[in-house]
There are 2 protein chains.
Amino acid sequence: MPTGSRPLRADAARNRDKLLATAVRVFGERGLDAPLEEVARGAGVSIGTLYNHFPTREALLDAVLPHRIIALDQVAAAALADPDPWNGFVRFVEGLFELQSQDRGLNDALARRTPLSPEVLAACHRGFRHVDRLIERAKESGALRADFEASDLATLIWAMSQVIRQAMDTAPDLWRRCLSFFLDGLRADAAHPVPVPALTPEQLAAVLQGPDD
Amino acid sequence: MPTGSRPLRADAARNRDKLLATAVRVFGERGLDAPLEEVARGAGVSIGTLYNHFPTREALLDAVLPHRIIALDQVAAAALADPDPWNGFVRFVEGLFELQSQDRGLNDALARRTPLSPEVLAACHRGFRHVDRLIERAKESGALRADFEASDLATLIWAMSQVIRQAMDTAPDLWRRCLSFFLDGLRADAAHPVPVPALTPEQLAAVLQGPDD
DNA sequence: GCATAACTTGAGGGTGTCCTCAACTTGTGA
DNA sequence: TCACAAGTTGAGGACACCCTCAAGTTATGC
């Protein structure tokens with residue numbers, strides 16, 4: 001990755017690592033708009049050093065978020081390995097929300113509580129690259145309702161993100177209850193007609209990269 | 001209401017009204033943390049005048065929000081008038097979310113994106129006073145799943161609030177699609193066992209009045 | 001009309017965050 | 001060992017919002 005850039009001095013590399021580790025912790029605990037001074041203080045360096053390594057908040061997010069998001073890929077892979085397509089689908093969303101419930105930053109990122117850089121969006125693509133198959137498989141098996149589209153997963157994520165965040169401190173498992181209600185509505189034999197079509201790809205893109213509050 | 005306080009001078013009363021009207025609009029468009037300067041500007045008065053009438057942001061919210069919240073009471077009443085208990089339940093949540101989709105401030109208030117004053121919480125009590133009956137009735141009729149509790153409505157509101165807010169500008173009806181998935185999971189004949197108990201009243205209170213980000 | 005209480009005004013002080021940059025410190029290669 | 005590039009520092013300017021208050025304006029009752 002650091003193509004062409006000369007290697008960091010030893011102390012600088014140490015500081016950079018310390019900053020990254022602290023950023024993971026702070027963003028995880030406080031969300032993506034945690035004060036950067038807190039990250040610097042946590043890493044034992046001055047705010048100037050932080051900005052020296054990561055000239056903007058976005059740069060720091062780009063260095064921290066993708067890992068967390070790409071972890072979803074493993075969740076999806078494990079889910080695909082489940083022989084039962086419905087179970088696989090359920091395992092994926094449960095795994096996803098479990099990660100979100102441990103990481104306010106990931107929650108922010110997926111619930112779009114902050115604008116996302118191209119890098120982070122790219123990570124999302126990687127993290128979600130198997131979900132189409134996951135969904136298709138579950139539909140073909142007859143377990144998942146036929147009118148559920150991949151874009152509806154985005155909606156589900158927005159919805160659950162808020163539940164997770166809201167109850168994180170008080171009832172950290174509450175989202176499982178909410179999710180199980182929701183999942184019961186996604187089974188093919190529970191399906192009733194739906195009044196509104198799924199988002200078009202353009203609409204989804206618009207919402208994802210939207211003008212943000 | 002203005003018990004004991006001497007009447008306002010005519011121009012002051014006009015300004016107050018103008019401020020209230022503008023606050024309804026601005027909070028509705030921009031959410032509950034819209035800059036107060038924008039409200040003042042919109043009302044054609046200086047920021048000092050705003051603070052003269054409403055010494056704190058909370059005072060302004062107290063003057064503006066309860067109306068909007070108590071409107072829920074009428075939605076609930078209309079829903080109770082529906083002879084079909086399930087339809088009544090559905091009408092209530094649809095009506096509620098419709099209001100939220102037209103008013104970012106109401107969305108903020110119900111999704112707890114800002115701490116709520118005792119006055120606003122009282123308004124919530126009034127706005128929701130009939131929903132226990134609404135839910136009970138729907139359960140007794142056998143349409144609503146038996147393990148759905150009133151506190152689960154709070155969860156549903158948190159979930160849908162985020163979907164509504166997210167797509168408000170791009171796909172203002174998307175929430176209906178998400179809701180209909182969710183509602184399909186709330187029908188008694190869709191019910192599968194749920195892994196987590198409902199919030200206790202104490203937990204619900206804790207979340208509602210929680211330490212807020 | 002006038003005196004006066006009621007009301008309005010907006011510059012300005014406070015806070016919390018962002019990010020910069022000139023002066024300083026320190027690791028490193030010769 | 002030392003020169004200097006590399007790295008660090010933190011005070012401070014910019015910004016956006018909060019809210020206040022001393023000085024001005026205006027409605028109102030006499």
# chains A, B, ... in the order shown; residues from 1 in each chain; ligands from 1
>>> closest_atom_pairs(of="chain A", to="chain D", cutoff="8 Å", atoms="only C-alpha atoms (C1' of nucleotides)", output="JSON lines")
{"residue": "A:Arg9", "atom": "CA", "partner": "D:DA6", "partner_atom": "C1'", "distance": 7.1}
{"residue": "A:Ala12", "atom": "CA", "partner": "D:DG7", "partner_atom": "C1'", "distance": 6.7}
{"residue": "A:Ser46", "atom": "CA", "partner": "D:DT9", "partner_atom": "C1'", "distance": 6.5}
{"residue": "A:Gly48", "atom": "CA", "partner": "D:DT9", "partner_atom": "C1'", "distance": 6.7}
{"residue": "A:Thr49", "atom": "CA", "partner": "D:DT8", "partner_atom": "C1'", "distance": 6.1}
>>> write_last_selection(atoms="N, CA and C atoms", output="JSON list (two decimals), in the first residue's frame")
[["chain", "number", "residue", "atom", "x", "y", "z"],
["A", 9, "ARG", "N", 10.04, 6.94, 10.03],
["A", 9, "ARG", "CA", 11.03, 6.81, 11.08],
["A", 9, "ARG", "C", 10.43, 5.94, 12.18],
["A", 12, "ALA", "N", 7.99, 7.49, 14.54],
["A", 12, "ALA", "CA", 6.77, 7.90, 13.85],
["A", 12, "ALA", "C", 5.87, 6.71, 13.58],
["A", 46, "SER", "N", 0.39, 14.59, 20.67],
["A", 46, "SER", "CA", -0.35, 15.84, 20.58],
["A", 46, "SER", "C", -1.25, 15.83, 19.37],
["A", 48, "GLY", "N", -1.31, 17.83, 17.05],
["A", 48, "GLY", "CA", -0.54, 18.11, 15.85],
["A", 48, "GLY", "C", 0.00, 16.84, 15.19],
["A", 49, "THR", "N", 0.44, 15.92, 16.01],
["A", 49, "THR", "CA", 0.96, 14.67, 15.47],
["A", 49, "THR", "C", -0.14, 13.88, 14.78]]
>>> closest_atom_pairs(of="chain B", to="chain A", cutoff="8 Å", atoms="only C-alpha atoms", output="Markdown table")
| residue | atom | partner | partner_atom | distance |
| --- | --- | --- | --- | --- |
| B:Arg30 | CA | A:Asp213 | CA | 7.9 |
| B:Asp152 | CA | A:Cys178 | CA | 7.5 |
| B:Thr155 | CA | A:Val163 | CA | 6.2 |
| B:Leu156 | CA | A:Cys178 | CA | 7.4 |
| B:Trp158 | CA | A:Val163 | CA | 5.8 |
| B:Ala159 | CA | A:Ala159 | CA | 4.0 |
| B:Met160 | CA | A:Ala159 | CA | 5.8 |
| B:Ser161 | CA | A:Ala159 | CA | 7.6 |
| B:Gln162 | CA | A:Ala159 | CA | 5.7 |
| B:Val163 | CA | A:Ala159 | CA | 5.6 |
| B:Gln166 | CA | A:Val207 | CA | 7.0 |
| B:Ala167 | CA | A:Val207 | CA | 6.2 |
| B:Thr170 | CA | A:Val207 | CA | 6.2 |
| B:Ala171 | CA | A:Gln203 | CA | 7.2 |
| B:Asp173 | CA | A:Val196 | CA | 7.2 |
| B:Leu174 | CA | A:Val196 | CA | 6.8 |
| B:Arg176 | CA | A:Val196 | CA | 6.6 |
| B:Arg177 | CA | A:Val196 | CA | 5.3 |
| B:Cys178 | CA | A:Thr155 | CA | 6.8 |
| B:Ser180 | CA | A:Val194 | CA | 6.1 |
| B:Phe181 | CA | A:Gly185 | CA | 5.2 |
| B:Phe182 | CA | A:Phe182 | CA | 4.9 |
| B:Leu183 | CA | A:Gly185 | CA | 6.7 |
| B:Asp184 | CA | A:Gly185 | CA | 4.3 |
| B:Gly185 | CA | A:Gly185 | CA | 3.4 |
| B:Leu186 | CA | A:Phe181 | CA | 6.3 |
| B:Asp189 | CA | A:Ala190 | CA | 7.7 |
| B:Ala190 | CA | A:Ala190 | CA | 5.4 |
| B:Ala191 | CA | A:Asp184 | CA | 6.3 |
| B:His192 | CA | A:Asp184 | CA | 6.7 |
| B:Val194 | CA | A:Arg177 | CA | 6.1 |
| B:Pro195 | CA | A:Arg177 | CA | 6.2 |
| B:Val196 | CA | A:Arg177 | CA | 5.3 |
| B:Pro197 | CA | A:Arg177 | CA | 7.2 |
| B:Ala198 | CA | A:Arg177 | CA | 7.5 |
| B:Leu199 | CA | A:Leu174 | CA | 7.6 |
| B:Gln203 | CA | A:Thr170 | CA | 6.6 |
| B:Ala206 | CA | A:Thr170 | CA | 6.9 |
| B:Val207 | CA | A:Ala167 | CA | 6.2 |
>>> interface_residues(of="chain C", to="chain B", cutoff="8 Å", atoms="only C-alpha atoms (C1' of nucleotides)", output="PyMOL selection string")
chain C and resi 6-10
>>> atom_distance(atom1="atom CA of A:Lys18", atom2="atom CA of A:Gly105")
18.1 Å
